[in-house]
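*Asks:* model_5.txt (compact mmCIF, C-alpha atoms) pasted underneath:
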# COMPACT_ATOMS: atom_id res chain seq x y z
CA PRO A 485 -105.68 -114.11 3.21
CA LYS A 486 -101.94 -114.80 3.02
CA LYS A 487 -101.26 -111.85 5.35
CA ILE A 488 -103.27 -113.49 8.16
CA VAL A 489 -101.52 -116.83 7.61
CA ASP A 490 -98.09 -115.20 7.77
CA GLU A 491 -98.86 -112.99 10.76
CA ALA A 492 -99.94 -115.97 12.87
CA ALA A 493 -96.26 -116.84 13.30
CA PHE A 494 -96.01 -114.89 16.59
CA ALA A 495 -98.47 -117.26 18.31
CA ASP A 496 -97.56 -120.41 20.24
CA PHE A 497 -100.24 -122.27 18.28
CA VAL A 498 -103.17 -121.61 15.93
CA GLU A 499 -106.76 -122.74 16.37
CA LEU A 500 -108.40 -123.17 12.97
CA LEU A 501 -112.08 -123.56 12.15
CA PRO A 502 -112.15 -124.92 8.59
CA VAL A 503 -114.90 -123.88 6.19
CA ASP A 504 -113.22 -125.78 3.33
CA LEU A 505 -109.96 -127.62 2.73
CA ALA A 506 -108.63 -125.00 0.30
CA SER A 507 -108.23 -122.51 3.15
CA VAL A 508 -106.60 -125.19 5.28
CA GLU A 509 -103.93 -125.77 2.63
CA LYS A 510 -102.58 -122.24 3.15
CA PHE A 511 -101.95 -122.99 6.80
CA ALA A 512 -100.67 -126.50 6.17
CA ARG A 513 -97.65 -125.00 4.41
CA LYS A 514 -96.65 -123.36 7.70
CA ASN A 515 -94.89 -125.22 10.46
CA TYR A 516 -97.28 -124.03 13.17
CA ARG A 517 -98.86 -126.06 15.96
CA TYR A 518 -102.62 -126.46 15.47
CA VAL A 519 -105.93 -127.20 17.14
CA VAL A 520 -108.92 -127.76 14.82
CA HIS A 521 -112.38 -126.48 15.82
CA VAL A 522 -115.30 -128.36 14.23
CA PRO A 523 -117.53 -125.79 12.42
CA HIS A 524 -120.23 -124.93 14.95
CA GLU A 525 -123.98 -124.30 14.92
CA ALA A 526 -123.66 -121.23 12.68
CA PHE A 527 -122.59 -123.72 9.98
CA GLY A 528 -125.33 -126.24 10.83
CA PHE A 529 -123.54 -128.34 13.47
CA ASN A 530 -125.89 -129.91 16.00
CA PRO A 531 -125.69 -133.67 16.69
CA LEU A 532 -129.06 -133.55 18.48
CA LEU A 533 -131.13 -132.28 15.54
CA ASN A 534 -129.00 -132.72 12.42
CA GLU A 535 -126.68 -135.68 12.79
CA ARG A 536 -126.00 -135.99 9.06
CA LYS A 537 -124.83 -132.37 8.65
CA SER A 538 -122.90 -132.60 11.92
CA SER A 539 -121.10 -135.72 10.68
CA GLU A 540 -120.14 -133.94 7.45
CA LEU A 541 -118.68 -131.03 9.42
CA LEU A 542 -116.88 -133.40 11.76
CA GLN A 543 -115.32 -135.19 8.79
CA LEU A 544 -114.21 -131.84 7.37
CA ALA A 545 -112.52 -131.08 10.69
CA ILE A 546 -110.83 -134.49 10.75
CA SER A 547 -109.58 -133.99 7.19
CA ALA A 548 -108.23 -130.57 8.20
CA ALA A 549 -106.55 -132.07 11.27
CA LYS A 550 -104.86 -134.65 9.10
CA LYS A 551 -103.51 -131.95 6.75
CA LEU A 552 -102.35 -129.84 9.69
CA ARG A 553 -100.75 -132.83 11.43
CA THR A 554 -102.64 -132.37 14.68
CA LYS A 555 -104.54 -134.86 16.81
CA THR A 556 -106.63 -132.30 18.74
CA ILE A 557 -110.20 -131.52 17.69
CA LEU A 558 -112.50 -129.15 19.56
CA MET A 559 -116.29 -129.28 19.29
CA HIS A 560 -119.50 -127.85 20.71
CA SER A 561 -122.18 -130.18 22.05
CA GLY A 562 -125.70 -129.42 20.82
CA TYR A 563 -129.08 -127.85 21.47
CA LEU A 564 -132.83 -128.35 21.17
CA LYS A 565 -135.62 -125.82 20.69
CA GLU A 566 -137.03 -126.64 24.12
CA GLU A 567 -135.70 -126.55 27.66
CA LEU A 568 -133.22 -129.33 28.43
CA ASN A 569 -133.68 -130.53 31.98
CA GLY A 570 -133.95 -133.88 33.74
CA GLU A 571 -134.43 -136.89 31.49
CA LYS A 572 -134.41 -134.79 28.30
CA ALA A 573 -130.94 -133.57 29.21
CA ASN A 574 -129.75 -137.10 30.00
CA VAL A 575 -130.98 -138.41 26.64
CA ALA A 576 -129.35 -135.46 24.84
CA ILE A 577 -126.04 -136.01 26.60
CA GLU A 578 -126.05 -139.73 25.79
CA LYS A 579 -126.78 -138.99 22.13
CA THR A 580 -123.98 -136.43 22.04
CA ALA A 581 -121.63 -138.92 23.71
CA LYS A 582 -122.35 -141.47 20.99
CA PHE A 583 -121.44 -138.84 18.38
CA VAL A 584 -118.22 -137.90 20.18
CA ASN A 585 -117.26 -141.55 20.56
CA SER A 586 -117.51 -141.99 16.79
CA VAL A 587 -114.22 -140.07 16.52
CA LYS A 588 -111.28 -142.47 16.40
CA GLY A 589 -107.61 -141.58 16.56
CA TYR A 590 -108.06 -137.96 17.69
CA ARG A 591 -108.27 -136.21 21.04
CA VAL A 592 -111.66 -134.50 21.32
CA LEU A 593 -112.16 -131.47 23.55
CA ILE A 594 -115.72 -130.52 24.55
CA GLU A 595 -116.43 -126.82 24.99
CA ASN A 596 -118.88 -125.50 27.58
CA SER A 597 -121.95 -123.95 25.99
CA ILE A 598 -124.02 -120.92 26.81
CA TYR A 599 -127.37 -121.60 28.47
CA LEU A 600 -129.64 -119.94 25.91
CA GLY A 601 -128.94 -118.77 22.38
CA ALA A 602 -127.99 -115.10 22.34
CA THR A 603 -127.04 -114.21 18.76
CA ARG A 604 -129.30 -113.99 15.73
CA HIS A 605 -128.57 -117.53 14.53
CA GLU A 606 -128.89 -118.94 18.09
CA LYS A 607 -132.27 -117.48 19.11
CA GLY A 608 -134.53 -120.10 20.69
CA ASN A 609 -131.71 -122.60 21.24
CA HIS A 610 -131.51 -124.41 24.58
CA TYR A 611 -128.00 -125.82 24.94
CA ILE A 612 -126.65 -128.75 26.88
CA CYS A 613 -123.29 -128.74 28.64
CA TYR A 614 -123.48 -125.20 29.95
CA GLU A 615 -123.01 -126.34 33.55
CA TYR A 616 -120.83 -128.62 35.66
CA GLU A 617 -123.03 -131.73 36.04
CA GLN A 618 -123.91 -132.06 32.35
CA LEU A 619 -120.30 -131.53 31.27
CA LYS A 620 -119.08 -134.01 33.88
CA LYS A 621 -121.44 -136.68 32.58
CA LEU A 622 -120.49 -136.12 28.94
CA ILE A 623 -116.78 -136.22 29.77
CA GLU A 624 -117.23 -139.42 31.78
CA LEU A 625 -119.13 -141.07 28.90
CA THR A 626 -116.52 -140.11 26.31
CA GLN A 627 -113.19 -139.61 28.11
CA ALA A 628 -113.00 -136.36 26.14
CA GLY A 629 -110.99 -133.38 27.28
CA PHE A 630 -112.53 -130.08 28.32
CA CYS A 631 -112.25 -126.57 26.89
CA LEU A 632 -113.42 -123.85 29.26
CA ASP A 633 -114.73 -120.88 27.30
CA PHE A 634 -114.75 -117.89 29.65
CA GLU A 635 -117.12 -115.90 27.45
CA HIS A 636 -119.68 -118.72 27.35
CA ALA A 637 -119.37 -119.06 31.13
CA ALA A 638 -119.95 -115.32 31.60
CA VAL A 639 -123.04 -115.31 29.38
CA THR A 640 -124.44 -118.39 31.14
CA ALA A 641 -123.92 -116.88 34.60
CA TYR A 642 -125.61 -113.67 33.42
CA GLN A 643 -128.57 -115.57 31.95
CA LEU A 644 -129.01 -117.72 35.06
CA GLY A 645 -128.50 -114.84 37.48
CA VAL A 646 -125.61 -116.51 39.31
CA GLU A 647 -122.18 -115.23 40.32
CA TYR A 648 -119.69 -115.48 37.46
CA GLU A 649 -116.71 -116.36 39.64
CA GLU A 650 -118.58 -119.17 41.41
CA HIS A 651 -119.82 -120.56 38.10
CA VAL A 652 -116.28 -120.57 36.67
CA LYS A 653 -114.81 -122.10 39.81
CA GLY A 654 -117.32 -124.93 39.42
CA LEU A 655 -116.23 -125.53 35.83
CA MET A 656 -112.58 -125.45 36.89
CA LYS A 657 -113.24 -128.60 38.94
CA LEU A 658 -113.37 -130.42 35.59
CA LYS A 659 -109.66 -129.61 35.17
CA PRO A 660 -109.75 -127.93 31.75
CA ASP A 661 -107.19 -128.99 29.16
CA TYR A 662 -107.64 -125.82 27.10
CA PHE A 663 -109.23 -122.37 27.31
CA HIS A 664 -111.01 -119.83 25.12
CA LEU A 665 -110.78 -116.20 26.16
CA SER A 666 -112.36 -113.06 24.72
CA GLY A 667 -114.18 -109.96 25.89
CA VAL A 668 -117.98 -109.83 26.09
CA LYS A 669 -120.54 -107.12 26.90
CA LEU A 670 -123.24 -109.06 28.70
CA ALA A 671 -126.19 -106.69 28.41
CA THR A 672 -125.95 -106.57 24.60
CA TYR A 673 -123.98 -109.80 24.01
CA GLY A 674 -121.26 -107.95 22.16
CA HIS A 675 -118.98 -110.96 21.87
CA HIS A 676 -115.50 -112.02 20.75
CA LEU A 677 -114.18 -108.59 21.69
CA SER A 678 -110.65 -107.81 22.80
CA ILE A 679 -109.96 -109.16 26.28
CA PHE A 680 -109.51 -105.53 27.38
CA GLU A 681 -113.16 -104.77 26.56
CA GLY A 682 -116.34 -106.02 28.16
CA ASP A 683 -117.39 -107.32 31.55
CA ILE A 684 -115.03 -110.22 32.38
CA ASP A 685 -112.73 -109.72 35.36
CA LEU A 686 -109.35 -110.20 33.70
CA GLU A 687 -107.31 -110.43 36.88
CA PHE A 688 -109.54 -113.26 38.16
CA VAL A 689 -109.20 -115.11 34.85
CA LYS A 690 -105.47 -114.47 34.64
CA GLN A 691 -104.86 -116.09 38.03
CA LEU A 692 -106.86 -119.17 37.02
CA LEU A 693 -104.89 -119.46 33.78
CA LYS A 694 -101.55 -119.17 35.54
CA LYS A 695 -102.52 -121.94 37.95
CA ALA A 696 -103.88 -124.22 35.23
CA ASN A 697 -100.90 -123.70 32.88
CA LYS A 698 -102.78 -124.96 29.81
CA PRO A 699 -103.10 -123.56 26.26
CA VAL A 700 -105.24 -120.43 25.83
CA CYS A 701 -106.85 -119.49 22.52
CA LEU A 702 -107.73 -115.81 22.10
CA GLU A 703 -111.07 -115.54 20.30
CA THR A 704 -110.58 -111.82 19.74
CA PRO A 705 -110.64 -109.61 16.61
CA ILE A 706 -107.95 -110.39 14.03
CA ASP A 707 -105.60 -107.55 14.89
CA VAL A 708 -102.05 -108.80 15.32
CA GLU A 709 -100.74 -105.85 17.32
CA GLN A 710 -103.71 -105.99 19.67
CA ARG A 711 -103.32 -109.73 20.11
CA LYS A 712 -99.64 -109.31 20.91
CA LYS A 713 -100.66 -106.94 23.73
CA GLU A 714 -103.20 -109.48 24.95
CA VAL A 715 -100.61 -112.25 24.97
CA GLU A 716 -98.08 -110.01 26.73
CA PHE A 717 -100.65 -109.18 29.42
CA LEU A 718 -101.51 -112.83 30.04
CA LYS A 719 -97.87 -113.90 30.19
CA ARG A 720 -96.81 -111.20 32.67
Just give me the structure as structure tokens.
*Replies:*
Amino acid sequence: PKKIVDEAAFADFVELLPVDLASVEKFARKNYRYVVHVPHEAFGFNPLLNERKSSELLQLAISAAKKLRTKTILMHSGYLKEELNGEKANVAIEKTAKFVNSVKGYRVLIENSIYLGATRHEKGNHYICYEYEQLKKLIELTQAGFCLDFEHAAVTAYQLGVEYEEHVKGLMKLKPDYFHLSGVKLATYGHHLSIFEGDIDLEFVKQLLKKANKPVCLETPIDVEQRKKEVEFLKR
């Protein structure tokens, strides 16, 4: 809606996940700074199982990036319907790297995944790139940048039964170029909530963000006044 397009003016930049180019046109008329998110697995993206559909969605994102005059494209990695460890994980990472390396002329950022699918459309999915070693290998094979999604990290730590802060500190060693932040209720996977809701330790995250000094995208409900409060809190 036009109202959402207009109200985005308060932000330092806008991350856009295009579902079609018609919606992109509305934003292209605005002189905002942009990051484009390739439509994810809810739209059929998965280079490991559906390379053709994934390529179509990647091309849509590239077309959107061209219209929005940005060179930054963010993408998820992929998943299988079986556990991804050892050689299976290595093969999956190499296949994903080949897909990422098909992108020419744009800066690709890889986002950390959750360990296991948690929403209705993700049930039974075993993701790659939920932990340090797999992400490190993919980044080395592609020279891609890294987006640290704090919600995905929290869900992964919860699923694996490890300490959230230690898991995040491990991912921070990859020197993220970009961050996603939202609230999440781990027991029920209530996700993409306001940062003031849920189970993530905001003060811990805030200190990491201040030190990193990189762009932060709020994946929170579309409520401009609430988002202004979130931005104000993070900038204090």
*Asks:* Within 7 Å of range 502-514 of chain A, counting all atoms listed in the file, which residues show up once you throw out same-chain ones fewer than 3 positions away? Write them as number ranges by chain, please.
*Replies:* A: 489, 523, 545, 548, 551-552
*Asks:* From the list A:Val652, A:Leu600, A:Leu544, A:Ile594, which residue is nearest Glu567 in chain A when using all atoms listed in the file?
*Replies:*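 Looking at the shortest contact to Glu567 in chain A, the residue is A:Leu600.
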*Asks:* CA of Val646 in chain A and CA of Pro705 in chain A are how many Å apart?
*Replies:*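 Distance reported for this atom pair: 28.1 Å.
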*Asks:* When distances are computed from all atoms listed in the file, which of A:Arg536, A:His610, A:His664, A:Lys555 shows the smallest separation from Ala573 in chain A?
*Replies:*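 For Ala573 in chain A, the nearest of the candidates is A:His610.
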*Asks:* Need to verify the contact set: Glu595 in chain A, 12 Å, all atoms listed in the file, exclusion of same-chain residues closer than 3 positions in sequence. Can you return it as a ChimeraX atom specification?
*Replies:* /A:521-522,524,557-562,592,598,611-616,618-620,622-623,628-637,655,658,660-664
*Asks:* Export, as a CSV table (one decimal), keeping the file's coordinate frame, the selected residues with C-alpha atoms.
*Replies:*
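Final output, again22.csv:
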chain,number,residue,atom,x,y,z
A,521,HIS,CA,-112.4,-126.5,15.8
A,522,VAL,CA,-115.3,-128.4,14.2
A,524,HIS,CA,-120.2,-124.9,15.0
A,557,ILE,CA,-110.2,-131.5,17.7
A,558,LEU,CA,-112.5,-129.2,19.6
A,559,MET,CA,-116.3,-129.3,19.3
A,560,HIS,CA,-119.5,-127.8,20.7
A,561,SER,CA,-122.2,-130.2,22.0
A,562,GLY,CA,-125.7,-129.4,20.8
A,592,VAL,CA,-111.7,-134.5,21.3
A,598,ILE,CA,-124.0,-120.9,26.8
A,611,TYR,CA,-128.0,-125.8,24.9
A,612,ILE,CA,-126.6,-128.8,26.9
A,613,CYS,CA,-123.3,-128.7,28.6
A,614,TYR,CA,-123.5,-125.2,30.0
A,615,GLU,CA,-123.0,-126.3,33.6
A,616,TYR,CA,-120.8,-128.6,35.7
A,618,GLN,CA,-123.9,-132.1,32.4
A,619,LEU,CA,-120.3,-131.5,31.3
A,620,LYS,CA,-119.1,-134.0,33.9
A,622,LEU,CA,-120.5,-136.1,28.9
A,623,ILE,CA,-116.8,-136.2,29.8
A,628,ALA,CA,-113.0,-136.4,26.1
A,629,GLY,CA,-111.0,-133.4,27.3
A,630,PHE,CA,-112.5,-130.1,28.3
A,631,CYS,CA,-112.2,-126.6,26.9
A,632,LEU,CA,-113.4,-123.8,29.3
A,633,ASP,CA,-114.7,-120.9,27.3
A,634,PHE,CA,-114.8,-117.9,29.6
A,635,GLU,CA,-117.1,-115.9,27.4
A,636,HIS,CA,-119.7,-118.7,27.4
A,637,ALA,CA,-119.4,-119.1,31.1
A,655,LEU,CA,-116.2,-125.5,35.8
A,658,LEU,CA,-113.4,-130.4,35.6
A,660,PRO,CA,-109.8,-127.9,31.8
A,661,ASP,CA,-107.2,-129.0,29.2
A,662,TYR,CA,-107.6,-125.8,27.1
A,663,PHE,CA,-109.2,-122.4,27.3
A,664,HIS,CA,-111.0,-119.8,25.1
*Asks:* Name the closest residue to Ser547 in chain A among the candidates A:Leu644, A:Val520, A:Glu624, A:Phe494; distances are taken between atoms, counting only C-alpha atoms.
*Replies:*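 Using only C-alpha atoms, the shortest distance to Ser547 in chain A belongs to A:Val520.
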*Asks:* Would you mind reading off the distance between CA of Glu714 in chain A and CA of Phe527 in chain A, one decimal, in Å?
*Replies:*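 It comes out at 28.3 Å.
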